[in-house]
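Source file: data_36.pdb; contents: PDB, C-alpha atoms.
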ATOM      1  CA  MET A  15      12.873  -8.412  -0.950
ATOM      2  CA  SER A  16      13.930  -6.580   2.217
ATOM      3  CA  LYS A  17      13.820  -8.108   5.638
ATOM      4  CA  LEU A  18      11.046  -5.721   6.625
ATOM      5  CA  ASP A  19       8.826  -6.876   3.769
ATOM      6  CA  SER A  20       9.132 -10.530   4.763
ATOM      7  CA  LEU A  21       8.254 -10.181   8.449
ATOM      8  CA  SER A  22       5.242 -11.993   9.774
ATOM      9  CA  ARG A  23       2.768 -10.073  11.880
ATOM     10  CA  ARG A  24       4.167 -11.554  15.081
ATOM     11  CA  GLN A  25       7.748 -10.660  14.136
ATOM     12  CA  PHE A  26       6.648  -7.211  12.998
ATOM     13  CA  ILE A  27       4.955  -6.365  16.291
ATOM     14  CA  ALA A  28       7.811  -7.773  18.385
ATOM     15  CA  GLY A  29      10.539  -6.057  16.394
ATOM     16  CA  PHE A  30       9.010  -2.637  16.013
ATOM     17  CA  GLY A  31       6.927  -2.276  19.143
ATOM     18  CA  GLY A  32       3.657  -2.235  17.240
ATOM     19  CA  ILE A  33       3.799   0.355  14.501
ATOM     20  CA  ALA A  34       0.015   0.495  14.489
ATOM     21  CA  ALA A  35       0.129   2.141  17.939
ATOM     22  CA  VAL A  36       2.202   5.128  16.842
ATOM     23  CA  ALA A  37       0.120   8.210  17.549
ATOM     24  CA  GLY A  38      -0.847  10.726  14.903
ATOM     25  CA  LEU A  39       0.480   8.813  11.923
ATOM     26  CA  GLY A  40      -2.700   7.527  10.378
ATOM     27  CA  LEU A  41      -2.621   4.022  11.810
ATOM     28  CA  VAL A  42      -6.074   4.034  13.421
ATOM     29  CA  GLY A  43      -9.246   3.411  11.441
ATOM     30  CA  CYS A  44     -12.008   6.000  11.261
ATOM     31  CA  GLY A  45     -14.960   3.848  12.269
ATOM     32  CA  GLY A  46     -15.940   0.371  13.276
ATOM     33  CA  SER A  47     -16.711  -2.131  10.526
ATOM     34  CA  SER A  48     -17.442  -5.781   9.954
ATOM     35  CA  ALA A  49     -17.545  -8.016   6.923
ATOM     36  CA  SER A  50     -20.223 -10.493   5.997
ATOM     37  CA  ASP A  51     -20.640 -13.460   8.308
ATOM     38  CA  ALA A  52     -21.303 -15.492   5.205
ATOM     39  CA  ALA A  53     -17.713 -14.951   4.062
ATOM     40  CA  ALA A  54     -16.441 -16.139   7.436
ATOM     41  CA  ASP A  55     -18.706 -19.182   7.319
ATOM     42  CA  GLY A  56     -17.490 -19.901   3.798
ATOM     43  CA  ALA A  57     -13.885 -19.752   4.939
ATOM     44  CA  ALA A  58     -14.545 -22.211   7.737
ATOM     45  CA  ALA A  59     -16.655 -24.657   5.746
ATOM     46  CA  GLY A  60     -14.900 -27.569   4.146
ATOM     47  CA  SER A  61     -11.442 -26.515   5.326
ATOM     48  CA  GLU A  62     -10.331 -30.113   5.664
ATOM     49  CA  SER A  63     -11.156 -30.874   2.033
ATOM     50  CA  VAL A  64      -9.390 -27.882   0.440
ATOM     51  CA  SER A  65      -5.762 -28.279  -0.534
ATOM     52  CA  GLY A  66      -3.204 -26.781  -2.867
ATOM     53  CA  THR A  67      -0.773 -23.882  -3.246
ATOM     54  CA  VAL A  68      -1.794 -20.264  -3.766
ATOM     55  CA  ASN A  69       0.881 -18.030  -5.241
ATOM     56  CA  CYS A  70       0.272 -14.384  -4.351
ATOM     57  CA  SER A  71       2.563 -11.705  -5.826
ATOM     58  CA  GLY A  72       2.505  -7.956  -6.321
ATOM     59  CA  ALA A  73       2.239  -4.786  -4.251
ATOM     60  CA  THR A  74       4.463  -4.613  -1.176
ATOM     61  CA  SER A  75       2.340  -1.861   0.416
ATOM     62  CA  PHE A  76      -0.043  -4.410   1.939
ATOM     63  CA  GLN A  77       2.194  -7.458   1.855
ATOM     64  CA  LYS A  78       2.436  -7.478   5.667
ATOM     65  CA  LEU A  79      -1.359  -7.538   5.958
ATOM     66  CA  VAL A  80      -1.541 -10.545   3.642
ATOM     67  CA  GLU A  81       1.287 -12.282   5.505
ATOM     68  CA  SER A  82      -0.478 -11.778   8.819
ATOM     69  CA  ALA A  83      -3.740 -13.127   7.383
ATOM     70  CA  THR A  84      -1.903 -16.085   5.859
ATOM     71  CA  ALA A  85      -0.588 -17.191   9.240
ATOM     72  CA  GLU A  86      -4.151 -17.449  10.534
ATOM     73  CA  PHE A  87      -5.563 -18.883   7.300
ATOM     74  CA  GLU A  88      -3.097 -21.776   7.236
ATOM     75  CA  LYS A  89      -4.195 -22.798  10.728
ATOM     76  CA  LYS A  90      -7.731 -23.250   9.387
ATOM     77  CA  TYR A  91      -6.560 -24.751   6.100
ATOM     78  CA  PRO A  92      -3.535 -26.880   6.965
ATOM     79  CA  ASP A  93      -3.464 -28.442   3.480
ATOM     80  CA  VAL A  94      -3.205 -25.080   1.694
ATOM     81  CA  THR A  95       0.121 -23.254   1.317
ATOM     82  CA  VAL A  96       0.125 -19.559   0.458
ATOM     83  CA  ALA A  97       3.383 -18.393  -1.140
ATOM     84  CA  ILE A  98       3.804 -14.604  -0.954
ATOM     85  CA  THR A  99       6.237 -12.571  -3.049
ATOM     86  CA  GLY A 100       6.614  -8.875  -3.895
ATOM     87  CA  GLY A 101       7.512  -7.205  -7.168
ATOM     88  CA  GLY A 102       5.016  -4.333  -7.286
ATOM     89  CA  SER A 103       1.478  -3.972  -8.601
ATOM     90  CA  GLY A 104       2.459  -4.285 -12.240
ATOM     91  CA  GLN A 105       4.208  -7.569 -11.543
ATOM     92  CA  GLY A 106       1.263  -8.942  -9.595
ATOM     93  CA  LEU A 107      -1.208  -8.082 -12.334
ATOM     94  CA  SER A 108       1.031  -9.547 -15.026
ATOM     95  CA  ASP A 109       1.553 -12.719 -12.986
ATOM     96  CA  VAL A 110      -2.146 -13.381 -12.472
ATOM     97  CA  LYS A 111      -2.913 -12.513 -16.103
ATOM     98  CA  ASP A 112      -0.247 -14.965 -17.324
ATOM     99  CA  GLY A 113      -1.204 -17.700 -14.875
ATOM    100  CA  LYS A 114       2.063 -17.459 -12.938
ATOM    101  CA  ALA A 115       0.186 -16.564  -9.754
ATOM    102  CA  GLN A 116      -3.326 -17.243  -8.495
ATOM    103  CA  ILE A 117      -3.563 -13.805  -6.834
ATOM    104  CA  GLY A 118      -2.090 -10.494  -7.961
ATOM    105  CA  ARG A 119      -1.918  -7.763  -5.319
ATOM    106  CA  SER A 120      -2.290  -4.235  -6.653
ATOM    107  CA  ASP A 121      -2.644  -0.650  -5.423
ATOM    108  CA  VAL A 122      -4.238   0.293  -8.746
ATOM    109  CA  PHE A 123      -7.145  -0.936 -10.831
ATOM    110  CA  ALA A 124      -6.211  -3.586 -13.396
ATOM    111  CA  GLU A 125      -7.445  -1.260 -16.145
ATOM    112  CA  GLU A 126      -4.575   1.107 -15.322
ATOM    113  CA  LYS A 127      -1.913  -1.511 -16.068
ATOM    114  CA  LEU A 128      -3.445  -4.047 -18.440
ATOM    115  CA  ASP A 129      -5.312  -3.738 -21.715
ATOM    116  CA  ALA A 130      -9.096  -3.815 -21.509
ATOM    117  CA  ASP A 131      -9.477  -7.434 -22.654
ATOM    118  CA  ALA A 132      -6.942  -8.748 -20.134
ATOM    119  CA  ALA A 133      -8.422  -6.704 -17.284
ATOM    120  CA  ALA A 134     -11.930  -7.942 -18.089
ATOM    121  CA  LYS A 135     -10.826 -11.546 -17.527
ATOM    122  CA  LEU A 136      -9.843 -10.857 -13.912
ATOM    123  CA  GLU A 137     -11.960 -10.682 -10.770
ATOM    124  CA  ASP A 138     -11.341  -7.709  -8.458
ATOM    125  CA  HIS A 139     -11.475  -8.218  -4.680
ATOM    126  CA  THR A 140     -11.041  -4.981  -2.701
ATOM    127  CA  VAL A 141      -9.650  -6.018   0.677
ATOM    128  CA  ALA A 142      -8.784  -2.625   2.214
ATOM    129  CA  VAL A 143      -7.918   1.020   1.645
ATOM    130  CA  VAL A 144      -4.387   2.336   2.084
ATOM    131  CA  GLY A 145      -3.415   5.885   2.869
ATOM    132  CA  MET A 146      -0.058   7.040   1.523
ATOM    133  CA  GLY A 147       1.996  10.102   2.264
ATOM    134  CA  PRO A 148       5.386  11.795   1.866
ATOM    135  CA  ILE A 149       8.154  10.943   4.326
ATOM    136  CA  VAL A 150      11.561  12.534   4.903
ATOM    137  CA  ASN A 151      14.810  11.779   6.684
ATOM    138  CA  ALA A 152      14.394  12.567  10.382
ATOM    139  CA  LYS A 153      16.870  15.482  10.192
ATOM    140  CA  VAL A 154      14.841  17.403   7.587
ATOM    141  CA  ASP A 155      13.265  20.399   9.368
ATOM    142  CA  VAL A 156      10.135  20.634   7.225
ATOM    143  CA  ASP A 157       6.783  19.408   8.536
ATOM    144  CA  ASN A 158       4.366  20.375   5.765
ATOM    145  CA  LEU A 159       4.466  20.621   1.979
ATOM    146  CA  THR A 160       1.829  21.818  -0.440
ATOM    147  CA  THR A 161       0.788  19.625  -3.331
ATOM    148  CA  ASP A 162       2.504  22.071  -5.700
ATOM    149  CA  GLN A 163       5.732  21.872  -3.695
ATOM    150  CA  LEU A 164       5.606  18.071  -3.805
ATOM    151  CA  LYS A 165       5.073  18.229  -7.557
ATOM    152  CA  GLY A 166       8.078  20.510  -7.884
ATOM    153  CA  ILE A 167      10.276  18.177  -5.848
ATOM    154  CA  PHE A 168       9.278  15.021  -7.724
ATOM    155  CA  THR A 169       9.717  16.653 -11.133
ATOM    156  CA  GLY A 170      13.076  18.221 -10.273
ATOM    157  CA  ALA A 171      11.893  21.852 -10.285
ATOM    158  CA  ILE A 172      12.614  22.212  -6.538
ATOM    159  CA  THR A 173      16.008  20.870  -5.518
ATOM    160  CA  ASP A 174      16.888  22.450  -2.155
ATOM    161  CA  TRP A 175      15.070  22.359   1.171
ATOM    162  CA  SER A 176      15.524  26.123   1.547
ATOM    163  CA  GLN A 177      13.060  26.541  -1.338
ATOM    164  CA  VAL A 178      10.267  25.084   0.807
ATOM    165  CA  GLY A 179      11.080  26.690   4.148
ATOM    166  CA  GLY A 180      13.736  24.333   5.465
ATOM    167  CA  THR A 181      17.450  24.609   6.168
ATOM    168  CA  ALA A 182      19.545  24.754   3.000
ATOM    169  CA  GLY A 183      20.520  21.337   1.728
ATOM    170  CA  LYS A 184      20.060  19.191  -1.346
ATOM    171  CA  ILE A 185      16.760  17.346  -1.664
ATOM    172  CA  GLN A 186      17.458  13.669  -2.326
ATOM    173  CA  VAL A 187      14.459  12.058  -4.019
ATOM    174  CA  VAL A 188      13.974   8.340  -3.431
ATOM    175  CA  GLU A 189      11.517   6.960  -5.981
ATOM    176  CA  ARG A 190       9.736   3.657  -6.390
ATOM    177  CA  LYS A 191      10.469   1.740  -9.570
ATOM    178  CA  ALA A 192       8.189   1.883 -12.586
ATOM    179  CA  GLY A 193       5.335  -0.595 -12.143
ATOM    180  CA  SER A 194       4.862   0.227  -8.466
ATOM    181  CA  GLY A 195       1.240   0.850  -7.542
ATOM    182  CA  THR A 196       2.378   3.046  -4.660
ATOM    183  CA  ARG A 197       4.211   5.236  -7.168
ATOM    184  CA  ALA A 198       1.198   5.340  -9.482
ATOM    185  CA  THR A 199      -1.088   6.350  -6.615
ATOM    186  CA  PHE A 200       1.289   9.093  -5.462
ATOM    187  CA  GLU A 201       1.811  10.447  -8.967
ATOM    188  CA  ASN A 202      -1.912  10.415  -9.767
ATOM    189  CA  ALA A 203      -2.644  12.472  -6.652
ATOM    190  CA  VAL A 204       0.362  14.808  -6.766
ATOM    191  CA  LEU A 205       1.673  15.099 -10.323
ATOM    192  CA  LYS A 206      -1.812  14.854 -11.860
ATOM    193  CA  GLY A 207      -0.547  13.733 -15.256
ATOM    194  CA  GLU A 208       2.621  15.826 -15.345
ATOM    195  CA  LYS A 209       5.793  13.882 -16.083
ATOM    196  CA  ALA A 210       9.271  14.488 -14.752
ATOM    197  CA  PRO A 211      11.715  15.533 -17.508
ATOM    198  CA  ASP A 212      14.274  13.024 -18.730
ATOM    199  CA  SER A 213      16.972  15.152 -17.097
ATOM    200  CA  PHE A 214      15.527  14.480 -13.624
ATOM    201  CA  ALA A 215      17.311  11.642 -11.848
ATOM    202  CA  PRO A 216      16.297  10.524  -8.332
ATOM    203  CA  VAL A 217      19.048   9.413  -5.979
ATOM    204  CA  ALA A 218      17.519   5.909  -5.971
ATOM    205  CA  GLU A 219      14.616   3.860  -7.308
ATOM    206  CA  GLU A 220      13.588   1.103  -4.915
ATOM    207  CA  ASP A 221      11.440  -1.944  -5.614
ATOM    208  CA  SER A 222       9.789  -2.297  -2.204
ATOM    209  CA  SER A 223       8.468  -0.235   0.675
ATOM    210  CA  GLY A 224      10.943  -1.814   3.076
ATOM    211  CA  THR A 225      13.950  -0.713   1.059
ATOM    212  CA  VAL A 226      12.506   2.807   0.870
ATOM    213  CA  VAL A 227      12.513   2.891   4.679
ATOM    214  CA  GLU A 228      16.156   1.843   4.739
ATOM    215  CA  LYS A 229      17.188   4.385   2.090
ATOM    216  CA  ILE A 230      15.354   7.278   3.794
ATOM    217  CA  GLN A 231      17.055   6.490   7.098
ATOM    218  CA  ALA A 232      20.489   6.318   5.500
ATOM    219  CA  THR A 233      20.258   9.361   3.197
ATOM    220  CA  GLU A 234      20.482  12.888   4.584
ATOM    221  CA  GLY A 235      17.948  15.225   2.975
ATOM    222  CA  ALA A 236      15.960  12.328   1.532
ATOM    223  CA  ILE A 237      12.255  12.349   0.659
ATOM    224  CA  SER A 238       9.955   9.603  -0.591
ATOM    225  CA  TYR A 239       6.436   8.299   0.083
ATOM    226  CA  LEU A 240       5.000   5.256   1.827
ATOM    227  CA  ALA A 241       1.786   3.584   2.843
ATOM    228  CA  PHE A 242       0.616   4.568   6.335
ATOM    229  CA  SER A 243       1.185   0.969   7.432
ATOM    230  CA  TYR A 244       4.948   1.572   7.158
ATOM    231  CA  PHE A 245       4.946   4.864   9.077
ATOM    232  CA  ASP A 246       7.327   4.775  12.032
ATOM    233  CA  GLU A 247       8.266   8.039  13.748
ATOM    234  CA  THR A 248      11.387   6.407  15.207
ATOM    235  CA  LYS A 249      12.822   5.952  11.705
ATOM    236  CA  PHE A 250      11.693   8.975   9.654
ATOM    237  CA  LYS A 251       9.206  11.844   9.639
ATOM    238  CA  ALA A 252       5.828  11.840   7.916
ATOM    239  CA  LEU A 253       4.722  15.179   6.450
ATOM    240  CA  LYS A 254       1.424  16.989   6.304
ATOM    241  CA  VAL A 255       0.178  17.807   2.804
ATOM    242  CA  ASP A 256      -1.541  21.173   2.358
ATOM    243  CA  GLY A 257      -1.701  21.346   6.149
ATOM    244  CA  VAL A 258      -3.638  18.072   6.458
ATOM    245  CA  GLU A 259      -2.332  15.299   8.690
ATOM    246  CA  PRO A 260      -1.825  11.899   7.025
ATOM    247  CA  THR A 261      -4.375   9.973   9.088
ATOM    248  CA  ALA A 262      -6.967   7.328   8.359
ATOM    249  CA  GLU A 263      -9.720   9.662   9.527
ATOM    250  CA  ASN A 264      -8.678  12.303   6.985
ATOM    251  CA  VAL A 265      -8.534   9.699   4.229
ATOM    252  CA  CYS A 266     -12.020   8.440   5.092
ATOM    253  CA  SER A 267     -13.484  11.940   4.973
ATOM    254  CA  GLY A 268     -11.731  12.859   1.730
ATOM    255  CA  LYS A 269      -9.581  15.602   3.299
ATOM    256  CA  PHE A 270      -6.334  13.715   2.581
ATOM    257  CA  ASN A 271      -6.308  12.665  -1.064
ATOM    258  CA  ILE A 272      -3.332  10.303  -1.407
ATOM    259  CA  TRP A 273      -4.914   6.878  -1.028
ATOM    260  CA  ALA A 274      -5.790   3.758  -2.956
ATOM    261  CA  TYR A 275      -7.807   0.581  -2.768
ATOM    262  CA  GLU A 276      -5.854  -2.576  -2.024
ATOM    263  CA  HIS A 277      -6.936  -5.033  -4.700
ATOM    264  CA  MET A 278      -6.426  -8.781  -4.873
ATOM    265  CA  TYR A 279      -7.077  -9.905  -8.442
ATOM    266  CA  THR A 280      -7.831 -13.497  -9.381
ATOM    267  CA  ALA A 281      -8.935 -15.376 -12.462
ATOM    268  CA  LYS A 282     -12.721 -15.539 -12.702
ATOM    269  CA  ASP A 283     -12.506 -19.340 -12.572
ATOM    270  CA  ALA A 284     -10.184 -19.414  -9.548
ATOM    271  CA  ASP A 285      -9.566 -22.773  -7.883
ATOM    272  CA  ASP A 286     -11.015 -23.738  -4.503
ATOM    273  CA  ALA A 287      -7.861 -22.942  -2.524
ATOM    274  CA  THR A 288      -7.691 -19.445  -4.008
ATOM    275  CA  LYS A 289     -11.399 -18.846  -3.380
ATOM    276  CA  ALA A 290     -10.982 -19.985   0.220
ATOM    277  CA  PHE A 291      -8.135 -17.536   0.776
ATOM    278  CA  ILE A 292     -10.056 -14.634  -0.760
ATOM    279  CA  ASP A 293     -13.100 -15.524   1.377
ATOM    280  CA  PHE A 294     -10.859 -15.473   4.433
ATOM    281  CA  MET A 295      -9.449 -12.041   3.489
ATOM    282  CA  MET A 296     -13.036 -10.722   3.309
ATOM    283  CA  SER A 297     -14.143 -12.420   6.538
ATOM    284  CA  ASP A 298     -14.600 -10.802   9.954
ATOM    285  CA  ASP A 299     -11.353 -12.453  11.057
ATOM    286  CA  VAL A 300      -9.518 -10.034   8.769
ATOM    287  CA  GLN A 301     -11.911  -7.159   8.070
ATOM    288  CA  GLY A 302     -13.147  -6.846  11.640
ATOM    289  CA  SER A 303      -9.757  -6.447  13.293
ATOM    290  CA  LEU A 304      -6.624  -7.341  11.362
ATOM    291  CA  VAL A 305      -7.057  -4.671   8.661
ATOM    292  CA  GLU A 306      -6.909  -1.862  11.215
ATOM    293  CA  GLU A 307      -4.287  -3.591  13.362
ATOM    294  CA  GLU A 308      -1.958  -3.619  10.373
ATOM    295  CA  GLY A 309      -2.533   0.081   9.642
ATOM    296  CA  PHE A 310      -5.148  -0.121   6.870
ATOM    297  CA  ILE A 311      -8.699   1.154   6.504
ATOM    298  CA  PRO A 312     -11.730  -1.084   5.972
ATOM    299  CA  ALA A 313     -13.331  -0.035   2.681
ATOM    300  CA  SER A 314     -16.699   0.138   4.446
ATOM    301  CA  ASP A 315     -15.413   3.066   6.558
ATOM    302  CA  MET A 316     -14.847   5.304   3.540
ATOM    303  CA  LYS A 317     -17.148   8.291   3.059
ATOM    304  CA  VAL A 318     -15.751   8.817  -0.450
ATOM    305  CA  GLN A 319     -15.080   6.453  -3.346
ATOM    306  CA  LYS A 320     -12.687   6.410  -6.284
ATOM    307  CA  ASP A 321     -13.047   4.938  -9.777
ATOM    308  CA  ALA A 322     -10.405   3.584 -12.154
ATOM    309  CA  LYS A 323      -9.970   7.041 -13.697
ATOM    310  CA  GLY A 324      -9.148   8.581 -10.330
ATOM    311  CA  ASN A 325     -12.448  10.423  -9.928
ATOM    312  CA  VAL A 326     -13.368  10.805  -6.246
ATOM    313  CA  THR A 327     -17.020  11.230  -5.234
ATOM    314  CA  SER A 328     -19.017  11.058  -2.021
ATOM    315  CA  LYS A 329     -20.654   7.731  -1.256
TER     316      LYS A 329
END
Can you turn what I pasted into structure tokens?
Amino acid sequence: MSKLDSLSRRQFIAGFGGIAAVAGLGLVGCGGSSASDAAADGAAAGSESVSGTVNCSGATSFQKLVESATAEFEKKYPDVTVAITGGGSGQGLSDVKDGKAQIGRSDVFAEEKLDADAAAKLEDHTVAVVGMGPIVNAKVDVDNLTTDQLKGIFTGAITDWSQVGGTAGKIQVVERKAGSGTRATFENAVLKGEKAPDSFAPVAEEDSSGTVVEKIQATEGAISYLAFSYFDETKFKALKVDGVEPTAENVCSGKFNIWAYEHMYTAKDADDATKAFIDFMMSDDVQGSLVEEEGFIPASDMKVQKDAKGNVTSK
């Protein structure tokens, strides 16, 4: 796991000057929201009597959000320890299915990674929405790509920046590893079922969002994709897609179509410590402020919705 992925909220804000304040990069929510007071009351009730360890693995795209929430949760529940690891959505879903973790974080629905019987045994808790978009090395002189151009780049059909209006130079594709929910979300929106040929080889396949940031910075001509919560104009450049800015407002309205729900899956008979942590994630303490502070979108702000098959409809 990279250093970036393991930062607490306090370290993150101190070290990077508050990424959520970067203008124009999709880090502001598109409407006020609040979660149920009952969830907040549930989180506060009986905190002294709840104890145990909650192992939470999976998607790195919203790992920082969970880490920030954990710091506050453990103040209310001093006898509960939340252990957070990465590994990608596939890993998180497998871990919770196999009983290796109490919570599996995922950018995709369980039905997309697990068989129907295994998915049916899990409880889905949607804690936020994440926008995702293409990013490039800061020296790349391209600001916008069409969906078809992105598809060409990530299937190896387009290999030079001059083919998409930039200065001539090799396009260096940095991919996420198989099992990544971020990768699945990007491919569902951009490739739409098309697969890259076996002959296509990206310059790197990274297992976390933090290492993607590092690779994009270090690799001239590089392109990849990240959750909005990782956007940082001092480190790389985020691109428009089909002329649409990658912002929370455009995700909420359905204009920008690369986004996913942030799921926290548990067993249906989760223990009290796990239930308390999930209740806290759904409380006003998190939904009313922390979600947007960390660069995510409260699900209640969305004007569109998406099902497990990727169908998007108006609410």
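Residue nearest A:Lys153 within the list A:Val64, A:Ala192, A:Ala284, A:Ala252: A:Ala252 [criterion: smallest interatomic distance, all atoms listed in the file].
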Evaluating the PyMOL selection byres ((chain A and resi 157) around 12) on the displayed file yields which residues, as a ChimeraX atom specification? /A:148-156,158-160,175,178-180,237,250-260
Written as a VMD selection string, what is the full residue list that the PyMOL selection byres ((chain A and resi 241) around 7) yields on the file shown? chain A and resid 75 144 to 147 240 242 to 244
Written as number ranges by chain, what is the full residue list that the PyMOL selection byres ((chain A and resi 235) around 7) yields on the file shown? A: 151, 154, 183-186, 233-234, 236-237
Judged by all atoms listed in the file, the minimum distance to A:Glu189 among A:Asn264, A:Thr225, A:Gln116, A:Ser328 is found for A:Thr225
Between atom CA of A:Pro92 and atom CA of A:Phe291, distance in Å (one decimal): 12.1 Å
Do you know which residues are at most 6 Å from A:Glu137 counting all atoms listed in the file, after dropping those on the same chain fewer than 4 positions away, and could you put them as a ChimeraX atom specification? /A:279-282
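Separating atom CA of A:Ser65 from atom CA of A:Ala142 is a distance of 26.0 Å.
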So which residues touch A:Ala203 within 12 Å, counting all atoms listed in the file, skipping near sequence neighbours fewer than 6 positions away, as a PyMOL selection string? chain A and resi 145-148+161-162+164-165+196-197+255+270-274+320+323-326
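Taking only C-alpha atoms, the non-local environment of A:Val143 within 10 Å (same-chain residues fewer than 3 positions away omitted) comprises A:Phe76, A:Asp121, A:Thr140, A:Met146, A:Ala262, A:Val265, A:Cys266, A:Trp273, A:Ala274, A:Tyr275, A:Glu276, A:His277, A:Val305, A:Gly309, A:Phe310, A:Ile311, A:Pro312, A:Ala313, A:Ser314, A:Asp315, A:Met316.
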Residue with smallest distance to A:Ala73 - pool A:Glu228, A:Asp246, A:Glu201, A:Asp109, counting all atoms listed in the file: A:Asp109
Would you mind listing what lies within 12 Å of stretch 112-114 of chain A as a ChimeraX atom specification, with only C-alpha atoms counted and same-chain residues fewer than 5 positions away left out? /A:67-72,97,99,105-107,128,132-133,135-136,279-284
Report, in Å to a single decimal, how far apart atom CA of A:Ser238 and atom CA of A:Val318 are. 25.7 Å
Considering only C-alpha atoms, state which residue in the set A:Ile292, A:Val122, A:Ala171, A:Val110 is at the smallest distance from A:Ala198.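 Nearest candidate to A:Ala198 out of A:Ile292, A:Val122, A:Ala171, A:Val110: A:Val122.
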Stretch 234-238 of chain A, all listed atoms, 5 Å padding on each side: what axis-aligned box centre and edge lengths in Å to one decimal come out, as AutoDock Vina command-line options?
--center_x 15.2 --center_y 12.4 --center_z 2.0 --size_x 20.5 --size_y 15.6 --size_z 15.2
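Between A:Ser82 and the candidates A:Lys329, A:Ser213, A:Leu304, A:Glu220, the tightest atom-to-atom separation, counting only C-alpha atoms, involves A:Leu304.
For the choices A:Ile117, A:Ala215, A:Ala322, A:Ala287, the atom-to-atom distance to A:Phe87 is smallest for A:Ala287 when using only C-alpha atoms.
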